[in-house]
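Enquirer: Sharing a structure below in structure tokens format, with a few things to ask.
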Amino acid sequence: MTTSIKQLPDNEQVLSGNGACGGCPATMALRIVGKALGPNAIMLLTPACAVASMGMTPRLGYNWPCINITFASAGSSASGIIHAVEIMKEKGRLQGEVPTVFSWVGDGGTYDIGFQALSAAAERNENIIHFCYNNEAYSNTGVQRSGATPRGTWTTTTPTGKRQPKKNMARLMLEHNIPYVATATVAYPGDLYDKVVKAKSIRGMKYIEILAPCYLGWQFDMPETVQMSRMAVRSGAWLLWEAENGKISFNNPTSHIISGKKEAEPVNEYLMKQGRFSRLLKGPDAAERMAEIQGDIDREIAFMRERAKITI
């Protein structure tokens, strides 16, 4: 049974006074991750919103040892650190449990710039957790398109709407045959918490991707962050699932959509709540472009329904 938000531990690894935007979903998610990981962890960050909001040196907004690394090196840097601490443990230079080594990286540093090193770390099955907080654009540098940007989205580099569908990074990581892959979002905090607790207990490479609707980049009202996350799931634009050793299971409410017990909500209302899709709502081709996005969602649901049947 999913952990209730009232049952989450009281420990806080995200400190007050950090520089995150009000209502930032990445920071909200990191609070939940911190409750699941606890204090015995080492955090790596590539250039992204989480670095910009961590505070002024030498003070930190996060209550872990934190290392800022280059955009492309999350996979390789985390690999090096986990090997170092495990060797220290073997030699008796580290007392207590080996800390959890995790990367906290945006979609740009996961889908695009950091993919090569991440893929290599997954192929080696390194004992790390890679978190991708996915706001579907390079939000920290002005909202440019990324590989995670959905079709039809306005960004500064796609001013008339992106023409290509986004890629499914979680599914790509699944095909690396790593022990654990999961998706989550802040609208379902207990689901996220449980997945992080599970990932922490598994040895080897773990990948967790968290949808993080950015009110600045997506252009909606700040208090609607959680609502936007929930609408994404209910429309099927974001599916909640996890895979242990390649076996996929779906989490509520996605499981009801996949099983056919409940229809996904039409994507139109979800799109209309976001200014980044305003181009879709104007002009004679609006219905056609909305239909393209709905088609992308329908195909993804159908694909994942069939992919989950494959167990080896």
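A note on labels: chains of the structure tokens are A, B, ... as shown, every chain counts residues from 1, and ligands are counted from 1 in their shown order.
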Please identify all polymer residues within 10 Å of Asn68 in chain A, counting only C-alpha atoms, omitting same-chain residues fewer than 2 positions from it, and present them as a list in words.
Expert: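 The filter keeps Met43, Leu44, Leu45, Thr46, Pro47, Val51, Cys66, Thr70, Phe71, Ala74 and Ser77 of chain A.
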Enquirer: Can you tell me, as a list in words, what residues are no more than 8 Å from Thr27 in chain A when counting only C-alpha atoms, ignoring any on the same chain fewer than 4 positions away?
Expert: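 With the cut-off at 8 Å, the set is Val14, Ala20, Arg31 and Ala50 of chain A.
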Enquirer: Write out as JSON lines the residues of range 52-123 of chain A that have any atom within 12 Å of an atom of range 164-171 of chain A, one row each with the nearest atom pair and its distance in Å to one decimal, counting only C-alpha atoms, sorted by chain and then rising number.
Expert:
```
{"residue": "A:Asp107", "atom": "CA", "partner": "A:Met169", "partner_atom": "CA", "distance": 9.1}
{"residue": "A:Gly108", "atom": "CA", "partner": "A:Met169", "partner_atom": "CA", "distance": 11.3}
{"residue": "A:Gly109", "atom": "CA", "partner": "A:Met169", "partner_atom": "CA", "distance": 11.8}
{"residue": "A:Thr110", "atom": "CA", "partner": "A:Met169", "partner_atom": "CA", "distance": 8.2}
{"residue": "A:Tyr111", "atom": "CA", "partner": "A:Met169", "partner_atom": "CA", "distance": 6.4}
{"residue": "A:Asp112", "atom": "CA", "partner": "A:Met169", "partner_atom": "CA", "distance": 9.9}
{"residue": "A:Gly114", "atom": "CA", "partner": "A:Met169", "partner_atom": "CA", "distance": 11.9}
{"residue": "A:Phe115", "atom": "CA", "partner": "A:Met169", "partner_atom": "CA", "distance": 9.4}
{"residue": "A:Leu118", "atom": "CA", "partner": "A:Met169", "partner_atom": "CA", "distance": 11.1}
{"residue": "A:Ser119", "atom": "CA", "partner": "A:Met169", "partner_atom": "CA", "distance": 10.7}
```
Enquirer: Looking at only C-alpha atoms, which of A:Val143, A:Leu174, A:Ala302, A:Ile248 is the one that sits closest to Pro159 in chain A?
Expert: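 When distances to Pro159 in chain A are compared using only C-alpha atoms, the smallest one comes from A:Val143.
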Enquirer: Might you pull out every residue within 10 Å of Ile310 in chain A, with only C-alpha atoms counted and same-chain residues fewer than 5 positions away left off, and present them as a ChimeraX atom specification?
Expert: /A:246-248,305
Enquirer: Would you write out those residues with C-alpha atoms, as a CSV table (one decimal), in the first residue's frame?
Expert:
```csv
chain,number,residue,atom,x,y,z
A,246,GLY,CA,12.8,-5.7,-16.3
A,247,LYS,CA,9.3,-6.6,-15.1
A,248,ILE,CA,7.0,-3.5,-15.5
A,305,ARG,CA,0.6,-1.8,-22.3
```
Enquirer: Between A:Ala122, A:Cys214, A:Val196, A:Ile81, which is the closest to Ile178 in chain A once you count only C-alpha atoms?
Expert: A:Ala122
Enquirer: Which of these, A:Ile42, A:Ile129, A:Ile210, A:Val181, has the shortest distance to Ile67 in chain A once you count only C-alpha atoms?
Expert: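 Checking each of A:Ile42, A:Ile129, A:Ile210, A:Val181 against Ile67 in chain A, counting only C-alpha atoms, the winner is A:Ile42.
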Enquirer: Could you pull out all residues of range 64-208 of chain A with a DSSP call of strand (DSSP E or B) and give them as a ChimeraX atom specification?
Expert: /A:66-68,100-106,129-134,138,144,155,158,180-185,206-208
Enquirer: Restricting the output to N, CA and C atoms, write the selected residues as a short mmCIF file (atom, residue, chain, number, x, y, z; two decimals), in the first residue's frame.
Expert:
```
data_model
loop_
_atom_site.label_atom_id
_atom_site.label_comp_id
_atom_site.auth_asym_id
_atom_site.auth_seq_id
_atom_site.Cartn_x
_atom_site.Cartn_y
_atom_site.Cartn_z
N CYS A 66 27.62 17.87 -1.19
CA CYS A 66 27.19 18.11 -2.58
C CYS A 66 28.40 18.41 -3.46
N ILE A 67 28.38 17.88 -4.65
CA ILE A 67 29.48 18.10 -5.60
C ILE A 67 28.88 18.60 -6.91
N ASN A 68 29.31 19.79 -7.33
CA ASN A 68 28.90 20.30 -8.64
C ASN A 68 29.83 19.75 -9.71
N THR A 100 24.64 6.42 0.20
CA THR A 100 23.99 6.36 -1.12
C THR A 100 24.54 7.47 -1.99
N VAL A 101 25.02 7.12 -3.16
CA VAL A 101 25.52 8.11 -4.11
C VAL A 101 24.44 8.33 -5.16
N PHE A 102 24.01 9.59 -5.29
CA PHE A 102 22.94 9.86 -6.25
C PHE A 102 23.20 11.14 -7.03
N SER A 103 22.74 11.15 -8.26
CA SER A 103 22.82 12.33 -9.12
C SER A 103 21.44 12.97 -9.19
N TRP A 104 21.41 14.28 -9.09
CA TRP A 104 20.15 15.04 -9.17
C TRP A 104 20.28 15.97 -10.38
N VAL A 105 19.67 15.57 -11.49
CA VAL A 105 19.99 16.15 -12.79
C VAL A 105 18.71 16.47 -13.56
N GLY A 106 18.69 17.56 -14.29
CA GLY A 106 17.55 17.92 -15.11
C GLY A 106 17.48 17.10 -16.39
N ILE A 129 22.10 5.91 -7.83
CA ILE A 129 20.76 6.30 -8.25
C ILE A 129 20.87 7.56 -9.08
N HIS A 130 20.30 7.53 -10.27
CA HIS A 130 20.24 8.74 -11.09
C HIS A 130 18.80 9.23 -11.09
N PHE A 131 18.62 10.45 -10.57
CA PHE A 131 17.31 11.10 -10.61
C PHE A 131 17.30 12.12 -11.74
N CYS A 132 16.30 12.06 -12.58
CA CYS A 132 16.06 13.10 -13.57
C CYS A 132 14.81 13.86 -13.16
N TYR A 133 14.96 15.14 -12.78
CA TYR A 133 13.77 15.96 -12.56
C TYR A 133 13.48 16.66 -13.88
N ASN A 134 12.40 16.24 -14.49
CA ASN A 134 12.11 16.54 -15.89
C ASN A 134 11.10 17.68 -15.99
N TYR A 138 15.18 23.17 -21.17
CA TYR A 138 16.33 23.73 -20.46
C TYR A 138 15.85 25.01 -19.76
N GLN A 144 14.91 26.51 -23.46
CA GLN A 144 15.14 25.98 -24.79
C GLN A 144 14.63 24.54 -24.86
N THR A 155 9.11 26.93 -27.01
CA THR A 155 10.32 27.26 -26.27
C THR A 155 11.01 28.39 -27.02
N THR A 158 11.96 26.91 -30.21
CA THR A 158 10.85 26.39 -31.03
C THR A 158 9.68 27.37 -30.90
N TYR A 180 16.49 -1.46 -11.59
CA TYR A 180 15.31 -0.70 -11.19
C TYR A 180 15.18 0.58 -12.01
N VAL A 181 13.97 0.80 -12.53
CA VAL A 181 13.61 2.01 -13.26
C VAL A 181 12.23 2.42 -12.77
N ALA A 182 12.00 3.72 -12.58
CA ALA A 182 10.69 4.18 -12.13
C ALA A 182 10.42 5.59 -12.60
N THR A 183 9.14 5.93 -12.68
CA THR A 183 8.72 7.30 -12.95
C THR A 183 7.85 7.77 -11.79
N ALA A 184 7.79 9.09 -11.59
CA ALA A 184 7.05 9.65 -10.46
C ALA A 184 6.72 11.10 -10.76
N THR A 185 5.97 11.72 -9.87
CA THR A 185 5.70 13.15 -9.93
C THR A 185 5.23 13.62 -8.56
N LYS A 206 20.15 2.38 -10.56
CA LYS A 206 18.74 2.72 -10.44
C LYS A 206 18.48 4.05 -11.14
N TYR A 207 17.35 4.14 -11.82
CA TYR A 207 16.98 5.36 -12.54
C TYR A 207 15.56 5.73 -12.16
N ILE A 208 15.37 6.95 -11.65
CA ILE A 208 14.04 7.44 -11.30
C ILE A 208 13.83 8.80 -11.98
#
```
Enquirer: Please list as a JSON list (two decimals) with C-alpha atoms, in the first residue's frame every residue within 10 Å of range 224-229 of chain A, counting only C-alpha atoms and excluding residues in the same chain fewer than 5 positions away.
Expert:
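Result file is part_3.json:
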```json
[["chain", "number", "residue", "atom", "x", "y", "z"],
["A", 23, "GLY", "CA", 6.39, 26.32, -5.95],
["A", 24, "CYS", "CA", 9.40, 24.68, -7.62],
["A", 25, "PRO", "CA", 8.44, 21.03, -8.22],
["A", 28, "MET", "CA", 9.33, 19.69, -3.64],
["A", 184, "ALA", "CA", 7.05, 9.65, -10.46],
["A", 185, "THR", "CA", 5.70, 13.15, -9.93],
["A", 186, "VAL", "CA", 5.03, 15.48, -7.00],
["A", 187, "ALA", "CA", 1.25, 15.02, -7.24],
["A", 188, "TYR", "CA", 1.73, 11.53, -5.77],
["A", 210, "ILE", "CA", 10.23, 12.77, -11.86],
["A", 211, "LEU", "CA", 7.92, 15.01, -13.87],
["A", 212, "ALA", "CA", 8.55, 18.56, -12.64],
["A", 213, "PRO", "CA", 6.13, 21.09, -14.18],
["A", 214, "CYS", "CA", 7.95, 24.45, -14.20],
["A", 215, "TYR", "CA", 5.47, 27.29, -13.90],
["A", 218, "TRP", "CA", 5.27, 26.00, -18.86],
["A", 234, "ARG", "CA", -4.73, 11.55, -15.48],
["A", 237, "ALA", "CA", 0.73, 12.47, -20.74],
["A", 238, "TRP", "CA", 2.84, 11.09, -17.87],
["A", 270, "TYR", "CA", -4.20, 19.86, -19.73],
["A", 271, "LEU", "CA", -2.76, 21.71, -22.74],
["A", 273, "LYS", "CA", -3.82, 25.29, -18.79],
["A", 274, "GLN", "CA", -0.30, 25.95, -20.11]]
```
Enquirer: If you run DSSP on this backbone, which residues of range 144-216 of chain A come out as alpha helix (DSSP H), and could you give them as a ChimeraX atom specification?
Expert: /A:169-174,189-201,215-216
Enquirer: Emit the selected residues as a CSV table (one decimal), in the first residue's frame, including C-alpha atoms.
Expert:
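Listing of result_26.csv after writing:
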```csv
chain,number,residue,atom,x,y,z
A,169,MET,CA,14.1,8.2,-21.4
A,170,ALA,CA,12.8,5.9,-18.7
A,171,ARG,CA,12.1,3.3,-21.3
A,172,LEU,CA,15.6,3.7,-22.8
A,173,MET,CA,17.1,3.1,-19.3
A,174,LEU,CA,14.8,0.0,-19.0
A,189,PRO,CA,4.3,12.0,-3.0
A,190,GLY,CA,3.8,8.6,-1.3
A,191,ASP,CA,4.4,6.9,-4.6
A,192,LEU,CA,7.7,8.8,-5.1
A,193,TYR,CA,8.8,8.1,-1.5
A,194,ASP,CA,8.1,4.4,-1.8
A,195,LYS,CA,10.1,4.2,-5.1
A,196,VAL,CA,13.1,5.9,-3.6
A,197,VAL,CA,13.1,3.7,-0.5
A,198,LYS,CA,12.9,0.7,-2.8
A,199,ALA,CA,15.8,2.0,-5.1
A,200,LYS,CA,17.9,2.6,-2.0
A,201,SER,CA,17.6,-1.1,-1.0
A,215,TYR,CA,5.5,27.3,-13.9
A,216,LEU,CA,7.9,29.7,-15.5
```
Enquirer: Can you list, as a list in words, every protein, DNA or RNA residue that comes within 12 Å of Gly80 in chain A when you count only C-alpha atoms, leaving out same-chain residues fewer than 4 positions away?
Expert: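 My reading of the contact set: Leu44, Ser73, Ala74, Gly75, Ser76, Ala84, Val85, Glu86, Ile87, Val101, Phe102, Ala117, Ala121, Glu126, Asn127 and Ile128 of chain A.
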Enquirer: Closest to Ala308 in chain A among A:Ser259, A:Ser278, A:Asn135, A:Ser146, using only C-alpha atoms?
Expert: A:Ser259
Enquirer: Would you mind telling me which residue in A:Gly17, A:Glu136, A:Ser4, A:Glu292 lies nearest to Ala148 in chain A when using only C-alpha atoms?
Expert: A:Glu136
Enquirer: Calculate how many Å separate CA of Gly61 in chain A from CA of Gly217 in chain A, rounding to one decimal.
Expert: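 Separating CA of Gly61 in chain A from CA of Gly217 in chain A is a distance of 22.8 Å.
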